[in-house]
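The structure under discussion appears below in the form of structure tokens.
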Amino acid sequence: MLSTMLIAGSAYADDTGLKNAASYATGTTGNPPADPDQAIVDDVATGSTNDDACALFRTNNPGGGGEVADSEIYDGFTFNIPSGATIDGIEVLVSGYRTGSDGGQNPTTGAYFKVSLYDGSGWTAYQNTPGLTFTDAEYILGASDDDWDRIWNADSLDADFRLEVIPAGPYLSGEQWKLDSVRVKVYYTVISTYEGLSHGYWKNHVSDWTGYSTSDTLESVFDIPDSFGLDDNTLLEALDFQGGPDLADKAQILLRNAVASLLNAAHPNIDYPLSLVEVIADVNAALASEDGATMLALEAILDGYNNLGADLSS
């Protein structure tokens with residue numbers, strides 16, 4: 001079935017889902033953690049521990065000529081955001097825990113990870129996790145509407161985006177910060193360039209029909225369940241369906257916009273969100289369900305597509 005994009009005029013909101021890094025490099029402190037590759041995959045169960053599956057950070061690494069914190073930069077997240085989209089917010093999911101002195105389970109309180117993002121020109125201010133516990137837990141930094149005080153470019157995000165992780169907080173000899181994984185989700189809005197005209201338009205402008213005739217029957221295009229009794233109605237008649245409370249009435253409501261979608265997808269000067277094959281397949285699947293809610297849910301999506309507007313002259 002068709003993905004239920006959120007249509008608001010000619011825009012829709014979406015997100016990338018959680019993405020893992022593909023590569024890593026030593027961070028700005030100059031001291032790398034041990035096993036930084038282990039933070040690329042989330043493989044420690046929440047509430048448990050497995051040091052071998054984590055990147056191991058210290059706040060007093062003696063490398064680089066002084067006792068400074070480890071740091072690591074992760075990149076290669078491959079978000080694949082549509083070109084021209086507006087970035088609304090970035091969410092970082094940090095998974096990890098803390099071990100106490102000499103690897104024991106008695107960490108000092110107030111220890112945390114801090115995370116900064118790179119947008120191609122500079123690093124953001126750090127956001128901090130809450131205090132870590134001594135078993136694995138997940139911490140969310142940022143949000144769907146948190147841009148980290150940056151204006152992000154969707155077209156260059158895959159190339160430019162970096163994420164740095166640094167441990168912070170009180171330290172006792174032998175303690176370590178364990179980073180199980182760091183994942184990123186980007187929220188964005190796409191301004192649609194798609195087009196579509198309403199069932200009312202197609203009912204009153206039959207001269208603009210392309211590929212189909214007003215006398216074609218619904219059954220000649222769609223797979224109509226016999227129980228609905230609509231096989232022999234024409235496409236033009238379907239554009240005037242009124243619907244009602246019964247299941248067959250709800251099928252009429254769907255088919256009214258389904259025919260409009262069909263005509264939109266068939267027209268060479270309309271950039272419709274769906275192809276003819278997709279329109280027919282989605283409508284057939286909804287009809288086959290013989291479920292009123294399923295049919296009306298698809299009808300609402302098609303109605304949104306069919307009210308995007310279009311210029312048939314080009």
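The way I read the labels, and the way they are meant: chains A, B, ... in the order of the structure tokens, residue 1 as the first residue of every chain, and ligand 1 as the first ligand shown, with later ones counted on from there.
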With 10 Å as the cut-off and only C-alpha atoms counted, what is the closest atom pair between each nearby residue of stretch 113-170 of chain A and stretch 183-204 of chain A? Distances in Å to one decimal, ordered by chain and number, as a tab-separated table.
```
residue	atom	partner	partner_atom	distance
A:Ile140	CA	A:Val184	CA	9.7
A:Leu141	CA	A:Val184	CA	9.5
A:Gly142	CA	A:Lys185	CA	9.6
A:Ala143	CA	A:Tyr187	CA	8.6
A:Ser144	CA	A:Tyr187	CA	5.6
A:Asp145	CA	A:Tyr187	CA	7.7
A:Asp146	CA	A:Tyr187	CA	9.3
A:Asp147	CA	A:Tyr187	CA	9.4
A:Ala154	CA	A:Tyr188	CA	8.6
A:Leu163	CA	A:Val184	CA	9.1
```
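Residues in contact with stretch 76-81 of chain A at 6 Å, where only C-alpha atoms are counted and same-chain residues fewer than 3 positions away are skipped, are listed as Lys19, Asn20, Ala21, Ala22, Ser23 and Asp158 of chain A.
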Using DSSP on the backbone coordinates, identify the residues of stretch 88-298 of chain A assigned to alpha helix (DSSP H); present them as an MDAnalysis selection string. chainID A and resid 157:160 199:204 235:238 247:266 276:289 292:298
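The spacing separating atom CA of A:His205 from atom CA of A:Ile224 amounts to 25.3 Å.
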